[in-house]
Each structure stands twice: as C-alpha cells, then as structure tokens.
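Okay, start_4.cif now, which holds mmCIF, C-alpha atoms:
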data_data
loop_
_atom_site.label_atom_id
_atom_site.label_comp_id
_atom_site.auth_asym_id
_atom_site.auth_seq_id
_atom_site.Cartn_x
_atom_site.Cartn_y
_atom_site.Cartn_z
CA MET G 29 63.90 4.95 36.55
CA ASP G 30 62.02 3.64 39.57
CA THR G 31 58.61 4.72 40.78
CA ALA G 32 60.04 7.08 43.40
CA GLU G 33 62.10 8.96 40.81
CA LYS G 34 59.16 9.23 38.43
CA ASP G 35 56.93 10.48 41.24
CA SER G 36 59.57 13.05 42.17
CA ILE G 37 59.65 14.45 38.62
CA ARG G 38 55.85 14.38 38.44
CA GLY G 39 55.61 16.28 41.70
CA GLU G 40 58.13 18.88 40.61
CA MET G 41 56.44 19.48 37.25
CA LYS G 42 52.96 19.67 38.73
CA SER G 43 54.24 22.19 41.27
CA ARG G 44 55.94 24.34 38.64
CA ARG G 45 52.84 24.34 36.47
CA ARG G 46 50.64 25.35 39.40
CA GLU G 47 52.86 28.41 39.84
CA LEU G 48 51.80 29.67 36.41
CA ALA G 49 49.15 32.38 36.36
CA ARG G 50 46.26 31.86 33.97
CA GLU G 51 47.57 34.76 31.87
CA GLU G 52 50.95 33.03 31.54
CA VAL G 53 49.30 29.78 30.50
CA LEU G 54 47.34 31.54 27.76
CA ALA G 55 50.32 33.57 26.55
CA LYS G 56 52.65 30.57 26.35
CA SER G 57 49.89 28.45 24.79
CA ASP G 58 49.35 31.09 22.10
CA GLN G 59 53.04 30.94 21.23
CA ILE G 60 52.90 27.15 21.11
CA GLN G 61 49.79 27.29 18.93
CA ASN G 62 51.49 29.63 16.45
CA SER G 63 54.40 27.21 16.18
CA LEU G 64 52.18 24.13 15.93
CA PHE G 65 50.00 25.64 13.21
CA SER G 66 53.11 26.45 11.17
CA GLN G 67 54.32 22.83 11.10
CA ALA G 68 54.21 20.84 7.88
CA GLU G 69 52.58 17.94 9.74
CA PHE G 70 49.75 20.23 10.80
CA ALA G 71 49.26 21.75 7.35
CA LYS G 72 48.83 18.41 5.62
CA ALA G 73 46.76 16.76 8.38
CA LYS G 74 43.07 16.40 7.63
CA THR G 75 42.20 14.76 10.96
CA ILE G 76 43.89 15.83 14.20
CA SER G 77 43.50 14.28 17.64
CA PHE G 78 43.90 16.86 20.42
CA TYR G 79 43.97 16.28 24.16
CA VAL G 80 41.56 18.57 26.04
CA ALA G 81 43.58 20.55 28.58
CA LYS G 82 42.49 20.58 32.21
CA GLN G 83 42.64 24.21 33.33
CA GLU G 84 43.25 23.41 36.99
CA ASP G 85 46.42 21.49 36.05
CA ARG G 86 47.77 24.42 34.00
CA GLU G 87 48.43 22.19 31.01
CA VAL G 88 49.29 23.82 27.70
CA GLU G 89 45.84 25.09 26.75
CA THR G 90 44.23 23.49 23.68
CA GLU G 91 40.77 25.09 23.73
CA HIS G 92 41.67 27.89 21.29
CA MET G 93 43.62 25.48 19.11
CA ILE G 94 40.65 23.14 18.81
CA LYS G 95 38.17 25.95 18.19
CA ASP G 96 40.37 27.52 15.50
CA CYS G 97 40.69 24.13 13.78
CA LEU G 98 36.93 23.58 13.92
CA GLN G 99 36.46 26.90 12.12
CA GLY G 100 38.80 25.70 9.40
CA ASP G 101 38.90 22.54 7.34
CA LYS G 102 40.25 20.14 9.98
CA GLN G 103 38.36 17.21 11.47
CA ILE G 104 39.03 17.14 15.23
CA LEU G 105 39.06 14.10 17.49
CA VAL G 106 39.27 14.20 21.30
CA PRO G 107 39.88 11.35 23.74
CA LEU G 108 37.33 9.44 25.77
CA VAL G 109 38.45 7.10 28.54
CA SER G 110 37.08 3.72 27.46
CA GLY G 111 39.01 1.28 29.65
CA GLU G 112 41.44 1.06 32.55
CA THR G 113 44.32 2.18 30.31
CA GLU G 114 42.56 2.80 27.00
CA LEU G 115 41.35 5.88 25.14
CA SER G 116 38.83 6.04 22.31
CA LEU G 117 38.85 8.97 19.91
CA CYS G 118 35.60 10.85 19.25
CA GLU G 119 34.88 13.39 16.55
CA LEU G 120 34.13 16.82 17.99
CA GLU G 121 31.98 19.37 16.18
CA ASP G 122 31.20 21.94 18.91
CA TYR G 123 33.63 22.51 21.79
CA ASP G 124 31.22 24.51 23.96
CA ARG G 125 28.18 22.27 23.57
CA GLU G 126 29.46 18.72 23.25
CA LEU G 127 31.87 18.36 26.19
CA GLU G 128 31.31 17.69 29.88
CA PRO G 129 33.59 16.66 32.78
CA GLY G 130 34.46 12.98 32.58
CA ALA G 131 37.24 10.76 33.88
CA PHE G 132 39.70 12.60 36.15
CA GLY G 133 37.68 15.80 35.63
CA VAL G 134 38.85 16.13 32.03
CA LEU G 135 36.28 17.33 29.49
CA GLU G 136 34.98 14.47 27.34
CA PRO G 137 32.19 14.15 24.77
CA LYS G 138 28.73 13.78 26.28
CA PRO G 139 27.10 10.37 25.72
CA SER G 140 24.84 11.84 23.03
CA CYS G 141 27.87 13.25 21.17
CA ARG G 142 30.18 10.25 21.12
CA ARG G 143 31.08 9.74 17.49
CA ILE G 144 33.92 7.25 17.89
CA ARG G 145 36.41 7.14 15.03
CA PRO G 146 39.16 4.58 14.41
CA LEU G 147 42.70 5.59 15.24
CA GLU G 148 43.64 4.88 11.63
CA GLN G 149 41.72 7.99 10.55
CA THR G 150 44.08 10.24 12.52
CA ASP G 151 46.87 12.05 10.68
CA LEU G 152 48.29 13.93 13.67
CA LEU G 153 48.20 13.07 17.36
CA ILE G 154 48.74 15.93 19.84
CA VAL G 155 50.10 14.54 23.11
CA PRO G 156 50.25 16.01 26.64
CA GLY G 157 52.90 15.20 29.24
CA LEU G 158 54.39 16.25 32.55
CA ALA G 159 57.90 16.03 31.10
CA PHE G 160 59.57 15.29 27.77
CA ASP G 161 63.20 14.70 26.89
CA LEU G 162 65.22 15.63 23.83
CA GLN G 163 64.67 12.18 22.33
CA GLY G 164 60.88 12.58 22.54
CA TYR G 165 60.25 10.25 25.46
CA ARG G 166 57.58 11.47 27.85
CA LEU G 167 56.47 11.15 31.44
CA GLY G 168 52.73 11.20 31.90
CA TYR G 169 50.51 10.88 34.94
CA GLY G 170 51.15 7.15 35.21
CA GLY G 171 47.89 5.80 33.82
CA GLY G 172 49.41 4.57 30.58
CA TYR G 173 46.62 6.00 28.43
CA TYR G 174 48.77 7.95 25.99
CA ASP G 175 51.60 5.41 26.06
CA ASN G 176 49.13 2.83 24.78
CA LEU G 177 47.62 5.22 22.24
CA ILE G 178 51.03 6.17 20.80
CA GLN G 179 52.05 2.51 20.68
CA ASP G 180 48.80 1.61 18.87
CA ALA G 181 49.37 4.46 16.44
CA SER G 182 52.91 3.35 15.62
CA SER G 183 51.85 -0.25 15.03
CA THR G 184 48.58 0.28 13.15
CA GLN G 185 49.20 3.55 11.33
CA PRO G 186 52.91 4.33 10.93
CA ASN G 187 52.08 7.51 8.98
CA ILE G 188 50.53 9.18 12.03
CA SER G 189 52.67 12.08 13.28
CA THR G 190 52.92 12.60 17.04
CA ILE G 191 53.69 15.99 18.60
CA GLY G 192 54.01 16.74 22.31
CA LEU G 193 53.11 20.17 23.70
CA ALA G 194 54.95 21.45 26.77
CA TYR G 195 56.36 24.48 28.48
CA GLU G 196 60.11 24.93 28.16
CA PHE G 197 60.70 24.04 31.82
CA GLN G 198 59.14 20.62 31.20
CA ILE G 199 61.96 19.63 28.85
CA LEU G 200 64.67 17.45 30.37
CA GLU G 201 67.83 16.31 28.66
CA LYS G 202 67.05 12.63 29.11
CA LEU G 203 64.30 10.52 30.67
CA PRO G 204 65.21 6.86 31.19
CA HIS G 205 62.78 4.70 29.25
CA GLU G 206 61.68 1.12 28.84
CA PRO G 207 61.78 -0.78 25.51
CA HIS G 208 57.99 -0.47 25.17
CA ASP G 209 57.99 3.32 25.60
CA MET G 210 57.20 5.15 22.37
CA PRO G 211 58.73 8.60 21.76
CA VAL G 212 56.87 11.39 20.00
CA ASP G 213 58.17 12.73 16.70
CA LYS G 214 58.46 16.32 17.85
CA VAL G 215 57.98 18.48 20.95
CA ILE G 216 56.90 22.11 20.78
CA THR G 217 57.38 24.63 23.58
CA GLU G 218 56.91 28.38 23.70
CA GLU G 219 60.61 28.75 22.89
CA ARG G 220 61.49 26.07 20.34
CA GLU G 221 60.67 23.03 18.25
CA ILE G 222 62.53 19.87 19.19
CA HIS G 223 62.98 17.44 16.31
CA THR G 224 63.40 14.45 18.56
CA SER G 225 64.41 11.80 16.04
CA SER G 226 67.62 13.68 15.24
CA ASN G 227 68.60 13.41 18.91
CA ARG G 228 68.30 9.61 19.09
CA PRO G 229 71.26 7.29 18.64
CA ASP G 230 71.13 5.36 15.38
CA GLU G 231 70.70 2.05 17.18
CA GLU G 232 67.40 3.27 18.66
#

Please, can you express the file's structure as structure tokens?
Amino acid sequence: MDTAEKDSIRGEMKSRRRELAREEVLAKSDQIQNSLFSQAEFAKAKTISFYVAKQEDREVETEHMIKDCLQGDKQILVPLVSGETELSLCELEDYDRELEPGAFGVLEPKPSCRRIRPLEQTDLLIVPGLAFDLQGYRLGYGGGYYDNLIQDASSTQPNISTIGLAYEFQILEKLPHEPHDMPVDKVITEEREIHTSSNRPDEE
C-alpha cells in the first residue's frame, strides 16, 4: 500500500469519526469497555498499558476504563512521547491530577509525575488505530510510535497481550502490510471481538 492509499484511508476514518457525536462516542466506548473487561487477558493482567484518547479526534474513549481500573487492583501505564518514534510507559495513579496536554495535544504525565516503567512489566497493551483488519494489522497516524512499541513488546516480552480498540466501521477486511508490521492479538469493537490470529494464514 503506497502513501497515497494510506492517506486516503486515514482521511476517510478521521472524517467518519468526526461525524460521531460525543454521546455516541461514550455509548460505543461503554460497550467496548464491557467487552474488554470481560476478556481473559484483562482478568489476569496485573499491569495494563492504555492509550489516552484524544477527545477531539473521537477515538474510542479510555478515560472511564482507566479510572475504573485505578479503583480496582490494576496497575495502569500510559504513554509518554520520548523520541521521534518512541514511547515510554509511565505509571499513572490519578487521571485527573497527573496528566496534561503533551505531544500532539494528547494527555501525558506531568514532569513531576513521570514514573517510567519498563515495557517488560506490562501484561496487556491497549492499542489505538485509525483502521484494523481481520488479521489484526493496523493503520495508525503514520508516526510509527505504536508499531515500534508492539514490535518491542513481541521481541522482549512475548507474553504481553495486545488488544486494539475501534469502532465497527474502522474494521476492514484486509490492510496490506510490510514484513515488519506487527498485528495485535485481538480487536474489540462495540459489536464484536475479533480473534485475529485465527484469521491469519498458517504461513504467517
């Protein structure tokens, strides 16, 4: 897939998300949360890395998910842009007090609250995307941040589970991918759970 095709899909998905009212975002996100919290990977995970949704982009909302986890027995990590294509993971203890707008306007831990934790401590990685396919491959914003994080996770900690969150309209049958692209283990929408590994040819 060339850059023009990727940009076309990105533009379409951004446009479709912008059409969602805030009430729709919250309703669909609640359904996705209910499904996510019922997953075996979630139940056994002690440490979960969540992306922090940017409200203006109408991403699947993670604020309630993170806050509910913080009230339970889960340790929560959130990303901090630490390089041109790199993310560090920081432990979060208070969503309302410890975050401020950072890179690209996304909420990140304030300098005084940056408790960086190694990726190896993560049991479950929650991944955003503009589009996913049935094999688990994703199309992000083009910065490579999550591609690198997923690749690092697969090479350093093969036991980490990766789950993408998306609206149903963001699911495509197939996204062409490069050999270095790393698929997620599962994608959850407001309508279904996609067990992506069962959709991949054996040779992959």

Practice problem: Can you give me, as an MDAnalysis selection string, the residues this file yields under the PyMOL selection byres ((chain G and resi 68-78) around 9)? | Solution: chainID G and resid 64:67 79:81 90 93:94 97 101:107 117:119 149:156 189

Quiz item: What is the distance, in Å and to one decimal place, between CA of Pro211 (chain G) and CA of Arg142 (chain G)?
Solution: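 If I compute the distance from CA of Pro211 (chain G) to CA of Arg142 (chain G), I get 28.6 Å.
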
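Evaluated on this file, the PyMOL selection byres ((chain G and resi 218) around 12) matches Glu52, Val53, Leu54, Ala55, Lys56, Ser57, Asp58, Gln59, Ile60, Gln61, Asn62, Ser63, Leu64, Val88, Glu89, Leu193, Ala194, Tyr195, Glu196, Phe197, Gln198, Ile199, Val215, Ile216, Thr217, Glu219, Arg220, Glu221 and Ile222 of chain G.
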
Quiz item: How would you write, as a list of chain:residue names, the residues chosen by the PyMOL selection byres ((chain G and resi 125-128) around 10) on this structure?
Solution: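 After applying the PyMOL selection byres ((chain G and resi 125-128) around 10), what remains is G:Val80, G:Val106, G:Leu120, G:Glu121, G:Asp122, G:Tyr123, G:Asp124, G:Pro129, G:Gly130, G:Ala131, G:Gly133, G:Val134, G:Leu135, G:Glu136, G:Pro137, G:Lys138, G:Pro139, G:Ser140, G:Cys141, G:Arg142.
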
Practice problem: Could you please determine the separation between CA of Gly111 (chain G) and CA of Gly172 (chain G) in Å, to one decimal place? | Solution: 10.9 Å

Practice problem: Give me, please, the distance in Å between CA of Lys42 (chain G) and CA of Gly170 (chain G), quoted to one decimal. | Solution: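 Between these atoms lies a distance of 13.1 Å.
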
Practice problem: Name all residues at most 6 Å from Asp213 (chain G) (count all atoms listed in the file; drop same-chain ones fewer than 4 positions away) and give them as a list in words. | Solution: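 My reading of the contact set: Thr190, Ile191 and Thr224 of chain G.
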
Since we have the selection now, will you write its residues out, keeping C-alpha atoms, as a tab-separated table (two decimals), keeping the file's coordinate frame?
chain	number	residue	atom	x	y	z
G	190	THR	CA	52.92	12.60	17.04
G	191	ILE	CA	53.69	15.99	18.60
G	224	THR	CA	63.40	14.45	18.56

Can you pull out every residue within 10 Å of Arg46 (chain G), counting all atoms listed in the file, but drop anything in the same chain fewer than 4 positions away, and send it as an mmCIF file with C-alpha atoms, in the frame of the given file?
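Saved as part-v8.cif:
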data_model
loop_
_atom_site.group_PDB
_atom_site.id
_atom_site.type_symbol
_atom_site.label_atom_id
_atom_site.label_comp_id
_atom_site.auth_asym_id
_atom_site.auth_seq_id
_atom_site.Cartn_x
_atom_site.Cartn_y
_atom_site.Cartn_z
ATOM 1 C CA GLU G 40 58.130 18.880 40.610
ATOM 2 C CA MET G 41 56.440 19.480 37.250
ATOM 3 C CA LYS G 42 52.960 19.670 38.730
ATOM 4 C CA ARG G 50 46.260 31.860 33.970
ATOM 5 C CA GLU G 84 43.250 23.410 36.990
ATOM 6 C CA ASP G 85 46.420 21.490 36.050
ATOM 7 C CA ARG G 86 47.770 24.420 34.000
ATOM 8 C CA GLU G 87 48.430 22.190 31.010
#

Practice problem: Go ahead and find all residues with at least one atom no further than 12 Å from (56.8, 9.2, 39.5) in the file's coordinates, using only C-alpha atoms; report them as a list of chain:residue names. | Solution: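 Checking each residue against the 12 Å limit leaves G:Met29, G:Asp30, G:Thr31, G:Ala32, G:Glu33, G:Lys34, G:Asp35, G:Ser36, G:Ile37, G:Arg38, G:Gly39, G:Glu40, G:Met41, G:Lys42, G:Leu158, G:Ala159, G:Arg166, G:Leu167, G:Gly168, G:Tyr169, G:Gly170, G:Gly171, G:Leu203.
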
Quiz item: At a cut-off of 7 Å from (41.5, 7.1, 26.5) in the coordinates of the file, what residues are picked up using all atoms listed in the file, written as a list in words?
Solution: Pro107, Leu108, Val109, Ser110, Thr113, Glu114, Leu115, Ser116 and Tyr173 of chain G

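Distance annotation: of G:Leu200, G:Leu98, G:Leu48, G:Leu147, the residue with the minimal separation from Gln185 (chain G) is G:Leu147; atom set is only C-alpha atoms.
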
Quiz item: Could you pull the residues within 8 Å of Met210 (chain G), counting all atoms listed in the file, minus those fewer than 2 positions along the same chain, as a PyMOL selection string?
Solution: chain G and resi 165+175+178-179+208+212

Deliver the residues from the most recent selection as a file, using C-alpha atoms, as a PDB file, in the frame of the given file.
ATOM      1  CA  TYR G 165      60.250  10.250  25.460  1.00  0.00           C
ATOM      2  CA  ASP G 175      51.600   5.410  26.060  1.00  0.00           C
ATOM      3  CA  ILE G 178      51.030   6.170  20.800  1.00  0.00           C
ATOM      4  CA  GLN G 179      52.050   2.510  20.680  1.00  0.00           C
ATOM      5  CA  HIS G 208      57.990  -0.470  25.170  1.00  0.00           C
ATOM      6  CA  VAL G 212      56.870  11.390  20.000  1.00  0.00           C
TER       7      VAL G 212
END

Starting from 5 Å padding per side, set up an axis-aligned box that covers all listed atoms of region 116-126 of chain G and hand over centre and edge lengths in Å, one decimal, as AutoDock Vina command-line options.
--center_x 33.5 --center_y 15.3 --center_z 20.1 --size_x 20.7 --size_y 28.5 --size_z 17.8
